[in-house]
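A.B. asks: For reference, the file model.cif (mmCIF, C-alpha atoms) is included below:
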data_model
loop_
_atom_site.label_atom_id
_atom_site.label_comp_id
_atom_site.auth_asym_id
_atom_site.auth_seq_id
_atom_site.Cartn_x
_atom_site.Cartn_y
_atom_site.Cartn_z
CA MET A 896 180.23 98.06 181.22
CA LEU A 897 176.86 98.76 179.81
CA GLN A 898 174.14 96.42 180.84
CA LYS A 899 171.78 95.01 178.29
CA LYS A 900 168.10 95.83 178.81
CA ASN A 901 165.70 92.97 178.59
CA ARG A 902 163.28 93.58 175.74
CA ARG A 903 159.95 91.90 175.72
CA PRO A 904 157.98 91.26 172.54
CA LEU A 905 154.66 92.93 171.89
CA THR A 906 151.74 91.25 173.53
CA LEU A 907 148.76 89.99 171.59
CA ILE A 908 146.53 92.75 172.99
CA GLU A 909 148.93 95.46 171.82
CA ILE A 910 149.10 93.93 168.33
CA LEU A 911 145.29 93.67 168.09
CA LEU A 912 144.94 97.25 169.29
CA CYS A 913 147.32 98.50 166.57
CA VAL A 914 145.54 96.49 163.88
CA GLY A 915 142.18 97.82 165.09
CA LEU A 916 143.38 101.44 164.97
CA ILE A 917 144.78 100.97 161.46
CA ALA A 918 141.53 99.36 160.30
CA MET A 919 139.48 102.21 161.78
CA ALA A 920 141.67 104.83 160.09
CA GLY A 921 141.45 102.92 156.80
CA SER A 922 137.67 102.75 156.89
CA LEU A 923 137.41 106.48 157.59
CA PHE A 924 139.75 107.22 154.70
CA GLY A 925 137.82 104.81 152.45
CA VAL A 926 134.57 106.69 152.99
CA LYS A 927 135.95 110.20 152.61
CA GLY A 928 138.77 109.27 150.24
CA LYS A 929 136.46 108.27 147.39
CA GLN A 930 134.65 111.62 147.51
CA LEU A 931 137.92 113.52 147.73
CA TRP A 932 139.36 111.55 144.80
CA LYS A 933 136.32 112.32 142.60
CA ARG A 934 136.54 115.99 143.54
CA HIS A 935 140.25 116.06 142.73
CA GLN A 936 139.69 114.41 139.33
CA PHE A 937 136.86 116.83 138.51
CA PHE A 938 138.87 119.95 139.35
CA SER A 939 141.95 118.56 137.55
CA SER A 940 139.86 118.10 134.38
CA VAL A 941 138.40 121.61 134.70
CA ASP A 942 141.87 123.11 135.18
CA ARG A 943 143.19 121.18 132.16
CA LEU A 944 140.27 122.41 130.05
CA CYS A 945 140.98 126.02 131.07
CA GLU A 946 144.66 125.58 130.19
CA GLU A 947 143.73 124.21 126.75
CA LEU A 948 141.35 127.12 126.12
CA THR A 949 144.05 129.63 127.08
CA LEU A 950 146.68 127.83 125.00
CA THR A 951 144.40 127.73 121.95
CA ARG A 952 143.62 131.43 122.26
CA HIS A 953 147.31 132.23 122.66
CA PHE A 954 148.35 130.23 119.60
CA ALA A 955 145.58 131.75 117.50
CA GLN A 956 146.76 135.26 118.33
CA SER A 957 150.51 134.72 118.26
CA LEU A 958 150.60 132.66 115.06
CA ARG A 959 147.78 134.62 113.42
CA ALA A 960 145.99 131.38 112.69
CA ASP A 961 142.29 130.73 112.83
CA VAL A 962 141.44 127.92 115.23
CA ASP A 963 138.08 126.23 115.50
CA LEU A 964 137.53 124.55 118.85
CA TYR A 965 134.68 122.09 119.32
CA LEU A 966 133.54 120.84 122.72
CA ILE A 967 131.48 117.72 122.16
CA LYS A 968 129.35 116.25 124.94
CA GLU A 969 129.80 112.52 125.50
CA LYS A 970 128.33 110.20 128.10
CA ASP A 971 131.48 109.93 130.23
CA GLY A 972 133.16 113.27 129.56
CA VAL A 973 133.89 115.97 127.00
CA ARG A 974 135.83 115.65 123.76
CA LEU A 975 137.78 118.71 122.61
CA ILE A 976 138.61 118.90 118.90
CA ARG A 977 140.79 121.62 117.35
CA GLN A 978 140.97 122.46 113.68
CA PHE A 979 143.52 124.87 112.20
CA ASP A 980 143.81 126.75 108.96
CA GLU A 981 147.58 127.11 109.38
CA PRO A 982 149.61 124.33 107.67
CA GLY A 983 152.49 124.83 110.11
CA MET A 984 150.25 123.82 113.00
CA LEU A 985 149.67 120.40 111.49
CA LYS A 986 153.40 119.68 111.87
CA MET A 987 153.12 120.40 115.61
CA LYS A 988 150.58 117.60 116.07
CA ASN A 989 152.43 115.98 118.99
CA ALA A 990 153.14 119.20 120.87
CA PHE A 991 149.69 120.66 120.21
CA PRO A 992 147.23 117.75 119.88
CA SER A 993 144.09 118.29 117.83
CA GLU A 994 141.90 115.98 119.92
CA LEU A 995 141.71 115.65 123.70
CA PHE A 996 139.31 113.90 126.06
CA PHE A 997 138.34 115.21 129.49
CA LYS A 998 136.83 112.66 131.86
CA ASN A 999 134.69 113.41 134.93
CA ILE A 1000 133.12 116.60 133.54
CA VAL A 1001 129.85 117.11 131.69
CA ILE A 1002 128.76 120.12 129.66
CA THR A 1003 125.15 121.06 129.08
CA ASP A 1004 125.38 121.12 125.28
CA ASP A 1005 127.93 121.02 122.46
CA GLN A 1006 129.79 124.28 121.87
CA ASN A 1007 131.76 125.65 118.95
CA LEU A 1008 134.41 128.24 119.76
CA PHE A 1009 136.17 130.14 116.99
CA PHE A 1010 139.44 131.96 117.65
CA TYR A 1011 140.73 134.22 114.91
CA GLY A 1012 144.30 135.31 114.32
CA ASN A 1013 143.46 139.01 114.65
CA GLY A 1014 142.37 138.54 118.29
CA TRP A 1015 138.67 138.68 117.61
CA HIS A 1016 136.73 135.63 118.69
CA ASP A 1017 133.21 134.44 118.06
CA ILE A 1018 132.25 132.50 121.16
CA ASP A 1019 129.55 132.24 123.78
CA GLU A 1020 129.92 134.07 127.06
CA GLU A 1021 130.57 131.01 129.18
CA ILE A 1022 130.89 127.24 129.35
CA ARG A 1023 128.74 125.53 131.97
CA ILE A 1024 130.27 122.41 133.47
CA LYS A 1025 128.53 119.90 135.70
CA GLY A 1026 130.16 117.33 137.91
CA VAL A 1027 130.95 117.24 141.60
CA GLU A 1028 130.10 120.96 141.55
CA ASN A 1029 128.59 123.27 138.95
CA ILE A 1030 131.20 125.57 137.44
CA THR A 1031 131.09 128.22 134.75
CA ILE A 1032 134.17 129.17 132.75
CA SER A 1033 134.06 132.74 131.50
CA LEU A 1034 134.95 133.30 127.85
CA LEU A 1035 134.71 137.08 127.90
CA PRO A 1036 137.96 138.75 126.78
CA GLU A 1037 138.53 140.67 130.01
CA LYS A 1038 138.41 137.55 132.24
CA PHE A 1039 139.07 134.69 129.84
CA ALA A 1040 139.09 131.15 131.31
CA ALA A 1041 138.22 132.36 134.81
CA LYS A 1042 136.34 129.71 136.81
CA LYS A 1043 133.38 130.43 139.04
CA ILE A 1044 131.57 127.90 141.23
CA VAL A 1045 127.80 128.18 140.87
CA LYS A 1046 125.62 127.25 143.84
#
Please express the file's structure as structure tokens.

C.D. replies:
Amino acid sequence: MLQKKNRRPLTLIEILLCVGLIAMAGSLFGVKGKQLWKRHQFFSSVDRLCEELTLTRHFAQSLRADVDLYLIKEKDGVRLIRQFDEPGMLKMKNAFPSELFFKNIVITDDQNLFFYGNGWHDIDEEIRIKGVENITISLLPEKFAAKKIVK
């Protein structure tokens, strides 16, 4: 027959040692975790802004609609406002929202971007974004919505 092993409970020193190690790991994560979380939020907002720029350009060209895109600087982020000349786009309000807010990023000044249905666009060369890092988003046709970190 199998014999039963005697099991002893954890001693107080072992329990305190485990709690101490967990507390030390938590404090290290608390210091670095906040910085990593801010960095993650910043880059998520930048990626979302690039996706919205690309989507707006795509819809302007595929639907042959003129789209005016306004990036408005606010104290805690950037507000993106789209205006269309195509009545069919107004019906797609839920799928293609006309106003979005991006937190954790700051632009140097307000920008107006105009996308025309024939593919021509009247926009600046780049958008400069400040936050955890300085980033420029290229608006040139050959490398549209490409991000570059500026040191």

A.B. asks: Could you spell out the hits of the PyMOL selection byres ((chain A and resi 997) around 9) on the shown file, as a ChimeraX atom specification?

C.D. replies: /A:940-941,943-944,971-975,995-996,998-1001

A.B. asks: Of the candidates A:Phe1010, A:Thr949, A:Ala1040, A:Gly915, which one gets nearest to Phe979 in chain A if we count only C-alpha atoms?

C.D. replies: A:Phe1010

A.B. asks: Mind giving me the straight-line distance from CA of Lys968 in chain A to CA of Leu948 in chain A in Å, one decimal?

C.D. replies: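 Atom-to-atom, CA of Lys968 in chain A and CA of Leu948 in chain A are spaced 16.2 Å apart.
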
A.B. asks: When the PyMOL selection byres ((chain A and resi 1030-1032) around 12) is applied to the file above, which residues end up in the set, as JSON, numbers by chain?

C.D. replies: {"A": [937, 938, 940, 941, 942, 944, 945, 946, 948, 949, 1000, 1001, 1002, 1003, 1019, 1020, 1021, 1022, 1023, 1024, 1025, 1026, 1027, 1028, 1029, 1033, 1034, 1035, 1036, 1038, 1039, 1040, 1041, 1042, 1043, 1044, 1045, 1046]}

A.B. asks: How would the residues just chosen look if you wrote them out with C-alpha atoms as a compact mmCIF listing (two decimals), in the coordinates of the input?

C.D. replies:
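Saved as selection04.txt:
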# COMPACT_ATOMS: atom_id res chain seq x y z
CA PHE A 937 136.86 116.83 138.51
CA PHE A 938 138.87 119.95 139.35
CA SER A 940 139.86 118.10 134.38
CA VAL A 941 138.40 121.61 134.70
CA ASP A 942 141.87 123.11 135.18
CA LEU A 944 140.27 122.41 130.05
CA CYS A 945 140.98 126.02 131.07
CA GLU A 946 144.66 125.58 130.19
CA LEU A 948 141.35 127.12 126.12
CA THR A 949 144.05 129.63 127.08
CA ILE A 1000 133.12 116.60 133.54
CA VAL A 1001 129.85 117.11 131.69
CA ILE A 1002 128.76 120.12 129.66
CA THR A 1003 125.15 121.06 129.08
CA ASP A 1019 129.55 132.24 123.78
CA GLU A 1020 129.92 134.07 127.06
CA GLU A 1021 130.57 131.01 129.18
CA ILE A 1022 130.89 127.24 129.35
CA ARG A 1023 128.74 125.53 131.97
CA ILE A 1024 130.27 122.41 133.47
CA LYS A 1025 128.53 119.90 135.70
CA GLY A 1026 130.16 117.33 137.91
CA VAL A 1027 130.95 117.24 141.60
CA GLU A 1028 130.10 120.96 141.55
CA ASN A 1029 128.59 123.27 138.95
CA SER A 1033 134.06 132.74 131.50
CA LEU A 1034 134.95 133.30 127.85
CA LEU A 1035 134.71 137.08 127.90
CA PRO A 1036 137.96 138.75 126.78
CA LYS A 1038 138.41 137.55 132.24
CA PHE A 1039 139.07 134.69 129.84
CA ALA A 1040 139.09 131.15 131.31
CA ALA A 1041 138.22 132.36 134.81
CA LYS A 1042 136.34 129.71 136.81
CA LYS A 1043 133.38 130.43 139.04
CA ILE A 1044 131.57 127.90 141.23
CA VAL A 1045 127.80 128.18 140.87
CA LYS A 1046 125.62 127.25 143.84

A.B. asks: Might you pull out every residue within 7 Å of range 956-962 of chain A, with only C-alpha atoms counted and same-chain residues fewer than 3 positions away left off, and present them as a ChimeraX atom specification?

C.D. replies: /A:952-953,977-981,1009-1014

A.B. asks: Kindly give the distance, in Å, that separates CA of Lys899 in chain A and CA of Cys913 in chain A, rounded to a single decimal.

C.D. replies: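 Between CA of Lys899 in chain A and CA of Cys913 in chain A the gap works out to 27.3 Å.
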
A.B. asks: For the PyMOL selection byres ((chain A and resi 1008) around 6), applied here, can you spell out every residue it catches as a PyMOL selection string?

C.D. replies: chain A and resi 963-964+1007+1009+1018

A.B. asks: With C-alpha atoms retained, export the selected residues as a PDB file, in the coordinates of the input.

C.D. replies:
ATOM      1  CA  ASP A 963     138.080 126.230 115.500  1.00  0.00           C
ATOM      2  CA  LEU A 964     137.530 124.550 118.850  1.00  0.00           C
ATOM      3  CA  ASN A1007     131.760 125.650 118.950  1.00  0.00           C
ATOM      4  CA  PHE A1009     136.170 130.140 116.990  1.00  0.00           C
ATOM      5  CA  ILE A1018     132.250 132.500 121.160  1.00  0.00           C
TER       6      ILE A1018
END

A.B. asks: Hey, can you check how far CA of Asp1005 in chain A sits from CA of Ile967 in chain A?

C.D. replies: 4.9 Å

A.B. asks: From the set A:Val926, A:Gln898, A:Arg903, A:Thr951, which residue has the shortest atom-to-atom contact distance to Pro992 in chain A, counting all atoms listed in the file?

C.D. replies: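 The shortest atom-to-atom distance to Pro992 in chain A comes from A:Thr951.
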